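The structure file query38.cif is reproduced below (mmCIF, N, CA and C atoms; chains and numbers go by the auth columns).
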data_start
loop_
_atom_site.group_PDB
_atom_site.id
_atom_site.type_symbol
_atom_site.label_atom_id
_atom_site.label_comp_id
_atom_site.label_asym_id
_atom_site.label_seq_id
_atom_site.Cartn_x
_atom_site.Cartn_y
_atom_site.Cartn_z
_atom_site.B_iso_or_equiv
_atom_site.auth_seq_id
_atom_site.auth_asym_id
ATOM 1 N N MET A 1 -11.987 -50.353 -120.676 0.00 144 A
ATOM 2 C CA MET A 1 -11.867 -49.740 -119.381 0.00 144 A
ATOM 3 C C MET A 1 -11.725 -48.234 -119.577 0.00 144 A
ATOM 4 N N ASN A 2 -12.521 -47.473 -118.843 0.00 145 A
ATOM 5 C CA ASN A 2 -12.495 -46.021 -118.938 0.00 145 A
ATOM 6 C C ASN A 2 -12.280 -45.410 -117.560 0.00 145 A
ATOM 7 N N LYS A 3 -11.795 -44.192 -117.548 0.00 146 A
ATOM 8 C CA LYS A 3 -11.616 -43.446 -116.308 0.00 146 A
ATOM 9 C C LYS A 3 -12.960 -43.336 -115.588 0.00 146 A
ATOM 10 N N GLY A 4 -12.965 -43.671 -114.301 0.00 147 A
ATOM 11 C CA GLY A 4 -14.184 -43.613 -113.514 0.00 147 A
ATOM 12 C C GLY A 4 -14.934 -44.929 -113.418 0.00 147 A
ATOM 13 N N ASP A 5 -14.548 -45.930 -114.217 0.00 148 A
ATOM 14 C CA ASP A 5 -15.216 -47.227 -114.149 0.00 148 A
ATOM 15 C C ASP A 5 -14.980 -47.881 -112.790 0.00 148 A
ATOM 16 N N LEU A 6 -15.996 -48.551 -112.282 0.00 149 A
ATOM 17 C CA LEU A 6 -15.901 -49.339 -111.059 0.00 149 A
ATOM 18 C C LEU A 6 -16.092 -50.801 -111.428 0.00 149 A
ATOM 19 N N PHE A 7 -15.292 -51.678 -110.833 0.00 150 A
ATOM 20 C CA PHE A 7 -15.495 -53.099 -111.029 0.00 150 A
ATOM 21 C C PHE A 7 -15.104 -53.834 -109.758 0.00 150 A
ATOM 22 N N THR A 8 -15.592 -55.043 -109.628 0.00 151 A
ATOM 23 C CA THR A 8 -15.352 -55.846 -108.437 0.00 151 A
ATOM 24 C C THR A 8 -14.484 -57.038 -108.808 0.00 151 A
ATOM 25 N N VAL A 9 -13.491 -57.314 -107.976 0.00 152 A
ATOM 26 C CA VAL A 9 -12.612 -58.466 -108.178 0.00 152 A
ATOM 27 C C VAL A 9 -12.600 -59.296 -106.899 0.00 152 A
ATOM 28 N N TYR A 10 -12.342 -60.579 -107.067 0.00 153 A
ATOM 29 C CA TYR A 10 -12.220 -61.491 -105.939 0.00 153 A
ATOM 30 C C TYR A 10 -10.754 -61.869 -105.854 0.00 153 A
ATOM 31 N N MET A 11 -10.064 -61.444 -104.781 0.00 154 A
ATOM 32 C CA MET A 11 -8.634 -61.670 -104.662 0.00 154 A
ATOM 33 C C MET A 11 -8.298 -62.181 -103.261 0.00 154 A
ATOM 34 N N ASN A 12 -7.645 -63.319 -103.218 0.00 155 A
ATOM 35 C CA ASN A 12 -7.230 -63.918 -101.942 0.00 155 A
ATOM 36 C C ASN A 12 -8.380 -64.046 -100.954 0.00 155 A
ATOM 37 N N GLY A 13 -9.538 -64.452 -101.436 0.00 156 A
ATOM 38 C CA GLY A 13 -10.686 -64.668 -100.574 0.00 156 A
ATOM 39 C C GLY A 13 -11.441 -63.413 -100.183 0.00 156 A
ATOM 40 N N THR A 14 -11.079 -62.272 -100.749 0.00 157 A
ATOM 41 C CA THR A 14 -11.719 -61.008 -100.415 0.00 157 A
ATOM 42 C C THR A 14 -12.296 -60.364 -101.674 0.00 157 A
ATOM 43 N N ILE A 15 -13.517 -59.851 -101.559 0.00 158 A
ATOM 44 C CA ILE A 15 -14.125 -59.119 -102.672 0.00 158 A
ATOM 45 C C ILE A 15 -13.718 -57.660 -102.537 0.00 158 A
ATOM 46 N N MET A 16 -13.149 -57.089 -103.605 0.00 159 A
ATOM 47 C CA MET A 16 -12.677 -55.702 -103.578 0.00 159 A
ATOM 48 C C MET A 16 -13.293 -54.929 -104.733 0.00 159 A
ATOM 49 N N THR A 17 -13.686 -53.691 -104.464 0.00 160 A
ATOM 50 C CA THR A 17 -14.176 -52.794 -105.505 0.00 160 A
ATOM 51 C C THR A 17 -13.016 -51.907 -105.930 0.00 160 A
ATOM 52 N N ILE A 18 -12.804 -51.822 -107.239 0.00 161 A
ATOM 53 C CA ILE A 18 -11.693 -51.063 -107.820 0.00 161 A
ATOM 54 C C ILE A 18 -12.257 -49.945 -108.690 0.00 161 A
ATOM 55 N N CYS A 19 -11.625 -48.761 -108.622 0.00 162 A
ATOM 56 C CA CYS A 19 -11.998 -47.630 -109.467 0.00 162 A
ATOM 57 C C CYS A 19 -10.812 -47.266 -110.353 0.00 162 A
ATOM 58 N N VAL A 20 -11.078 -47.034 -111.627 0.00 163 A
ATOM 59 C CA VAL A 20 -10.036 -46.600 -112.567 0.00 163 A
ATOM 60 C C VAL A 20 -9.889 -45.089 -112.423 0.00 163 A
ATOM 61 N N LEU A 21 -8.705 -44.645 -111.987 0.00 164 A
ATOM 62 C CA LEU A 21 -8.463 -43.213 -111.795 0.00 164 A
ATOM 63 C C LEU A 21 -7.906 -42.543 -113.038 0.00 164 A
ATOM 64 N N GLY A 22 -7.133 -43.274 -113.827 0.00 165 A
ATOM 65 C CA GLY A 22 -6.549 -42.682 -115.018 0.00 165 A
ATOM 66 C C GLY A 22 -5.567 -43.615 -115.686 0.00 165 A
ATOM 67 N N PHE A 23 -4.863 -43.087 -116.660 0.00 166 A
ATOM 68 C CA PHE A 23 -3.920 -43.865 -117.448 0.00 166 A
ATOM 69 C C PHE A 23 -2.683 -43.025 -117.739 0.00 166 A
ATOM 70 N N TYR A 24 -1.580 -43.688 -117.980 0.00 167 A
ATOM 71 C CA TYR A 24 -0.362 -43.018 -118.430 0.00 167 A
ATOM 72 C C TYR A 24 0.506 -44.027 -119.173 0.00 167 A
ATOM 73 N N ASN A 25 1.439 -43.530 -119.952 0.00 168 A
ATOM 74 C CA ASN A 25 2.383 -44.401 -120.643 0.00 168 A
ATOM 75 C C ASN A 25 3.667 -44.477 -119.839 0.00 168 A
ATOM 76 N N GLU A 26 4.111 -45.700 -119.573 0.00 169 A
ATOM 77 C CA GLU A 26 5.333 -45.926 -118.811 0.00 169 A
ATOM 78 C C GLU A 26 6.499 -45.311 -119.578 0.00 169 A
ATOM 79 N N GLU A 27 7.352 -44.602 -118.870 0.00 170 A
ATOM 80 C CA GLU A 27 8.404 -43.806 -119.486 0.00 170 A
ATOM 81 C C GLU A 27 9.377 -44.621 -120.335 0.00 170 A
ATOM 82 N N TYR A 28 9.816 -45.764 -119.853 0.00 171 A
ATOM 83 C CA TYR A 28 10.869 -46.511 -120.544 0.00 171 A
ATOM 84 C C TYR A 28 10.347 -47.488 -121.584 0.00 171 A
ATOM 85 N N THR A 29 9.223 -48.142 -121.302 0.00 172 A
ATOM 86 C CA THR A 29 8.715 -49.149 -122.230 0.00 172 A
ATOM 87 C C THR A 29 7.608 -48.622 -123.130 0.00 172 A
ATOM 88 N N GLY A 30 6.965 -47.514 -122.733 0.00 173 A
ATOM 89 C CA GLY A 30 5.847 -46.977 -123.497 0.00 173 A
ATOM 90 C C GLY A 30 4.554 -47.735 -123.274 0.00 173 A
ATOM 91 N N GLU A 31 4.592 -48.747 -122.389 0.00 174 A
ATOM 92 C CA GLU A 31 3.402 -49.539 -122.103 0.00 174 A
ATOM 93 C C GLU A 31 2.353 -48.683 -121.398 0.00 174 A
ATOM 94 N N GLU A 32 1.084 -48.836 -121.796 0.00 175 A
ATOM 95 C CA GLU A 32 0.018 -48.081 -121.152 0.00 175 A
ATOM 96 C C GLU A 32 -0.285 -48.693 -119.795 0.00 175 A
ATOM 97 N N MET A 33 -0.320 -47.857 -118.769 0.00 176 A
ATOM 98 C CA MET A 33 -0.544 -48.297 -117.396 0.00 176 A
ATOM 99 C C MET A 33 -1.840 -47.679 -116.892 0.00 176 A
ATOM 100 N N ALA A 34 -2.520 -48.383 -116.002 0.00 177 A
ATOM 101 C CA ALA A 34 -3.746 -47.873 -115.377 0.00 177 A
ATOM 102 C C ALA A 34 -3.448 -47.507 -113.929 0.00 177 A
ATOM 103 N N ILE A 35 -4.031 -46.414 -113.478 0.00 178 A
ATOM 104 C CA ILE A 35 -3.946 -46.014 -112.078 0.00 178 A
ATOM 105 C C ILE A 35 -5.267 -46.422 -111.438 0.00 178 A
ATOM 106 N N LEU A 36 -5.197 -47.304 -110.436 0.00 179 A
ATOM 107 C CA LEU A 36 -6.384 -47.869 -109.812 0.00 179 A
ATOM 108 C C LEU A 36 -6.450 -47.494 -108.337 0.00 179 A
ATOM 109 N N ALA A 37 -7.654 -47.480 -107.797 0.00 180 A
ATOM 110 C CA ALA A 37 -7.859 -47.244 -106.367 0.00 180 A
ATOM 111 C C ALA A 37 -8.785 -48.330 -105.837 0.00 180 A
ATOM 112 N N VAL A 38 -8.464 -48.855 -104.668 0.00 181 A
ATOM 113 C CA VAL A 38 -9.337 -49.813 -103.997 0.00 181 A
ATOM 114 C C VAL A 38 -10.343 -49.023 -103.169 0.00 181 A
ATOM 115 N N ILE A 39 -11.625 -49.320 -103.359 0.00 182 A
ATOM 116 C CA ILE A 39 -12.702 -48.594 -102.700 0.00 182 A
ATOM 117 C C ILE A 39 -13.329 -49.485 -101.628 0.00 182 A
ATOM 118 N N ASP A 40 -13.495 -48.939 -100.439 0.00 183 A
ATOM 119 C CA ASP A 40 -14.217 -49.632 -99.378 0.00 183 A
ATOM 120 C C ASP A 40 -15.688 -49.246 -99.517 0.00 183 A
ATOM 121 N N GLN A 41 -16.538 -50.213 -99.833 0.00 184 A
ATOM 122 C CA GLN A 41 -17.961 -49.929 -100.075 0.00 184 A
ATOM 123 C C GLN A 41 -18.608 -49.216 -98.891 0.00 184 A
ATOM 124 N N ASP A 42 -18.164 -49.522 -97.672 0.00 185 A
ATOM 125 C CA ASP A 42 -18.754 -48.889 -96.494 0.00 185 A
ATOM 126 C C ASP A 42 -18.410 -47.403 -96.404 0.00 185 A
ATOM 127 N N ASN A 43 -17.334 -46.989 -97.056 0.00 186 A
ATOM 128 C CA ASN A 43 -16.898 -45.595 -96.983 0.00 186 A
ATOM 129 C C ASN A 43 -17.126 -44.824 -98.280 0.00 186 A
ATOM 130 N N MET A 44 -17.780 -45.432 -99.268 0.00 187 A
ATOM 131 C CA MET A 44 -18.007 -44.760 -100.543 0.00 187 A
ATOM 132 C C MET A 44 -19.028 -43.641 -100.365 0.00 187 A
ATOM 133 N N VAL A 45 -18.735 -42.488 -100.944 0.00 188 A
ATOM 134 C CA VAL A 45 -19.600 -41.322 -100.844 0.00 188 A
ATOM 135 C C VAL A 45 -19.946 -40.858 -102.252 0.00 188 A
ATOM 136 N N HIS A 46 -21.198 -40.510 -102.467 0.00 189 A
ATOM 137 C CA HIS A 46 -21.651 -39.971 -103.757 0.00 189 A
ATOM 138 C C HIS A 46 -21.913 -38.479 -103.552 0.00 189 A
ATOM 139 N N ILE A 47 -21.210 -37.641 -104.334 0.00 190 A
ATOM 140 C CA ILE A 47 -21.304 -36.193 -104.193 0.00 190 A
ATOM 141 C C ILE A 47 -21.672 -35.586 -105.548 0.00 190 A
ATOM 142 N N PRO A 48 -22.642 -34.671 -105.583 0.00 191 A
ATOM 143 C CA PRO A 48 -22.963 -34.000 -106.844 0.00 191 A
ATOM 144 C C PRO A 48 -21.730 -33.263 -107.382 0.00 191 A
ATOM 145 N N LEU A 49 -21.510 -33.342 -108.669 0.00 192 A
ATOM 146 C CA LEU A 49 -20.339 -32.739 -109.303 0.00 192 A
ATOM 147 C C LEU A 49 -20.255 -31.244 -109.026 0.00 192 A
ATOM 148 N N ASP A 50 -21.389 -30.543 -109.027 0.00 193 A
ATOM 149 C CA ASP A 50 -21.367 -29.104 -108.749 0.00 193 A
ATOM 150 C C ASP A 50 -20.795 -28.807 -107.365 0.00 193 A
ATOM 151 N N ASP A 51 -21.133 -29.647 -106.379 0.00 194 A
ATOM 152 C CA ASP A 51 -20.599 -29.460 -105.030 0.00 194 A
ATOM 153 C C ASP A 51 -19.099 -29.716 -104.997 0.00 194 A
ATOM 154 N N LEU A 52 -18.659 -30.718 -105.725 0.00 195 A
ATOM 155 C CA LEU A 52 -17.238 -31.064 -105.752 0.00 195 A
ATOM 156 C C LEU A 52 -16.417 -29.986 -106.445 0.00 195 A
ATOM 157 N N GLU A 53 -16.939 -29.413 -107.506 0.00 196 A
ATOM 158 C CA GLU A 53 -16.222 -28.364 -108.234 0.00 196 A
ATOM 159 C C GLU A 53 -16.017 -27.116 -107.389 0.00 196 A
ATOM 160 N N ALA A 54 -16.868 -26.891 -106.414 0.00 197 A
ATOM 161 C CA ALA A 54 -16.696 -25.749 -105.511 0.00 197 A
ATOM 162 C C ALA A 54 -15.438 -25.907 -104.656 0.00 197 A
ATOM 163 N N PHE A 55 -15.072 -27.139 -104.348 0.00 198 A
ATOM 164 C CA PHE A 55 -13.867 -27.410 -103.558 0.00 198 A
ATOM 165 C C PHE A 55 -12.594 -27.373 -104.390 0.00 198 A
ATOM 166 N N PHE A 56 -12.696 -27.736 -105.675 0.00 199 A
ATOM 167 C CA PHE A 56 -11.538 -27.823 -106.557 0.00 199 A
ATOM 168 C C PHE A 56 -11.746 -26.947 -107.789 0.00 199 A
ATOM 169 N N PRO A 57 -11.420 -25.667 -107.706 0.00 200 A
ATOM 170 C CA PRO A 57 -11.571 -24.795 -108.877 0.00 200 A
ATOM 171 C C PRO A 57 -10.803 -25.355 -110.075 0.00 200 A
ATOM 172 N N GLN A 58 -11.308 -25.125 -111.255 0.00 201 A
ATOM 173 C CA GLN A 58 -10.766 -25.670 -112.493 0.00 201 A
ATOM 174 C C GLN A 58 -9.274 -25.346 -112.653 0.00 201 A
ATOM 175 N N LYS A 59 -8.814 -24.216 -112.175 0.00 202 A
ATOM 176 C CA LYS A 59 -7.424 -23.785 -112.379 0.00 202 A
ATOM 177 C C LYS A 59 -6.445 -24.561 -111.510 0.00 202 A
ATOM 178 N N ARG A 60 -6.907 -25.252 -110.491 0.00 203 A
ATOM 179 C CA ARG A 60 -6.002 -25.844 -109.526 0.00 203 A
ATOM 180 C C ARG A 60 -5.652 -27.305 -109.791 0.00 203 A
ATOM 181 N N TYR A 61 -6.339 -27.971 -110.660 0.00 204 A
ATOM 182 C CA TYR A 61 -6.004 -29.364 -110.914 0.00 204 A
ATOM 183 C C TYR A 61 -6.111 -29.666 -112.403 0.00 204 A
ATOM 184 N N VAL A 62 -5.425 -30.707 -112.800 0.00 205 A
ATOM 185 C CA VAL A 62 -5.424 -31.126 -114.190 0.00 205 A
ATOM 186 C C VAL A 62 -6.144 -32.446 -114.263 0.00 205 A
ATOM 187 N N ASN A 63 -7.073 -32.572 -115.175 0.00 206 A
ATOM 188 C CA ASN A 63 -7.834 -33.805 -115.326 0.00 206 A
ATOM 189 C C ASN A 63 -7.191 -34.681 -116.357 0.00 206 A
#

As structure tokens, the full file:
Amino acid sequence: MNKGDLFTVYMNGTIMTICVLGFYNEEYTGEEMAILAVIDQDNMVHIPLDDLEAFFPQKRYVN
């Protein structure tokens, strides 16, 4: 599993698309955790990276 991966799961009778946003190590146990987002396929938008970088200058966020 890598940052940015999309996958589909079937949960409680519903198909959901999940995106991997990132990873971190849990403070107390050291266990690696994944940060996930549920994506609504009807609202998914594809934006060229150059356009997105204009909104978020490199100095303002940490990847």

Could you name the residues that touch Phe150 (chain A) at 7 Å or less, counting all atoms listed in the file, but leaving out those on the same chain fewer than 4 positions away, as a list of chain:residue names?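 Close residues of Phe150 (chain A): A:Met159, A:Thr160, A:Ile161, A:Cys162, A:Val163.
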
Quick one: DSSP alpha helix (DSSP H) residues in chain A, as a ChimeraX atom specification? /A:192-198

How would the residues just picked look written out with N, CA and C atoms as a PDB file, in the coordinates of the input?
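Generated file (out_33.pdb):
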ATOM      1  N   LEU A 192     -21.510 -33.342-108.669  1.00  0.00           N
ATOM      2  CA  LEU A 192     -20.339 -32.739-109.303  1.00  0.00           C
ATOM      3  C   LEU A 192     -20.255 -31.244-109.026  1.00  0.00           C
ATOM      4  N   ASP A 193     -21.389 -30.543-109.027  1.00  0.00           N
ATOM      5  CA  ASP A 193     -21.367 -29.104-108.749  1.00  0.00           C
ATOM      6  C   ASP A 193     -20.795 -28.807-107.365  1.00  0.00           C
ATOM      7  N   ASP A 194     -21.133 -29.647-106.379  1.00  0.00           N
ATOM      8  CA  ASP A 194     -20.599 -29.460-105.030  1.00  0.00           C
ATOM      9  C   ASP A 194     -19.099 -29.716-104.997  1.00  0.00           C
ATOM     10  N   LEU A 195     -18.659 -30.718-105.725  1.00  0.00           N
ATOM     11  CA  LEU A 195     -17.238 -31.064-105.752  1.00  0.00           C
ATOM     12  C   LEU A 195     -16.417 -29.986-106.445  1.00  0.00           C
ATOM     13  N   GLU A 196     -16.939 -29.413-107.506  1.00  0.00           N
ATOM     14  CA  GLU A 196     -16.222 -28.364-108.234  1.00  0.00           C
ATOM     15  C   GLU A 196     -16.017 -27.116-107.389  1.00  0.00           C
ATOM     16  N   ALA A 197     -16.868 -26.891-106.414  1.00  0.00           N
ATOM     17  CA  ALA A 197     -16.696 -25.749-105.511  1.00  0.00           C
ATOM     18  C   ALA A 197     -15.438 -25.907-104.656  1.00  0.00           C
ATOM     19  N   PHE A 198     -15.072 -27.139-104.348  1.00  0.00           N
ATOM     20  CA  PHE A 198     -13.867 -27.410-103.558  1.00  0.00           C
ATOM     21  C   PHE A 198     -12.594 -27.373-104.390  1.00  0.00           C
TER      22      PHE A 198
END

I'd like to see the residues matched by the PyMOL selection byres ((chain A and resi 166) around 6) on this file, and ideally I'd get them as a PyMOL selection string. chain A and resi 164-165+167-168+176-178

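The two atoms in question, CA of Met187 (chain A) and CA of Asp148 (chain A), are spaced 14.1 Å apart.
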
What separation in Å, quoted to one decimal, exists between CA of Leu195 (chain A) and CA of Lys146 (chain A)? 17.2 Å

Students should find that CA of Thr151 (chain A) and CA of Glu169 (chain A) are spaced 25.2 Å
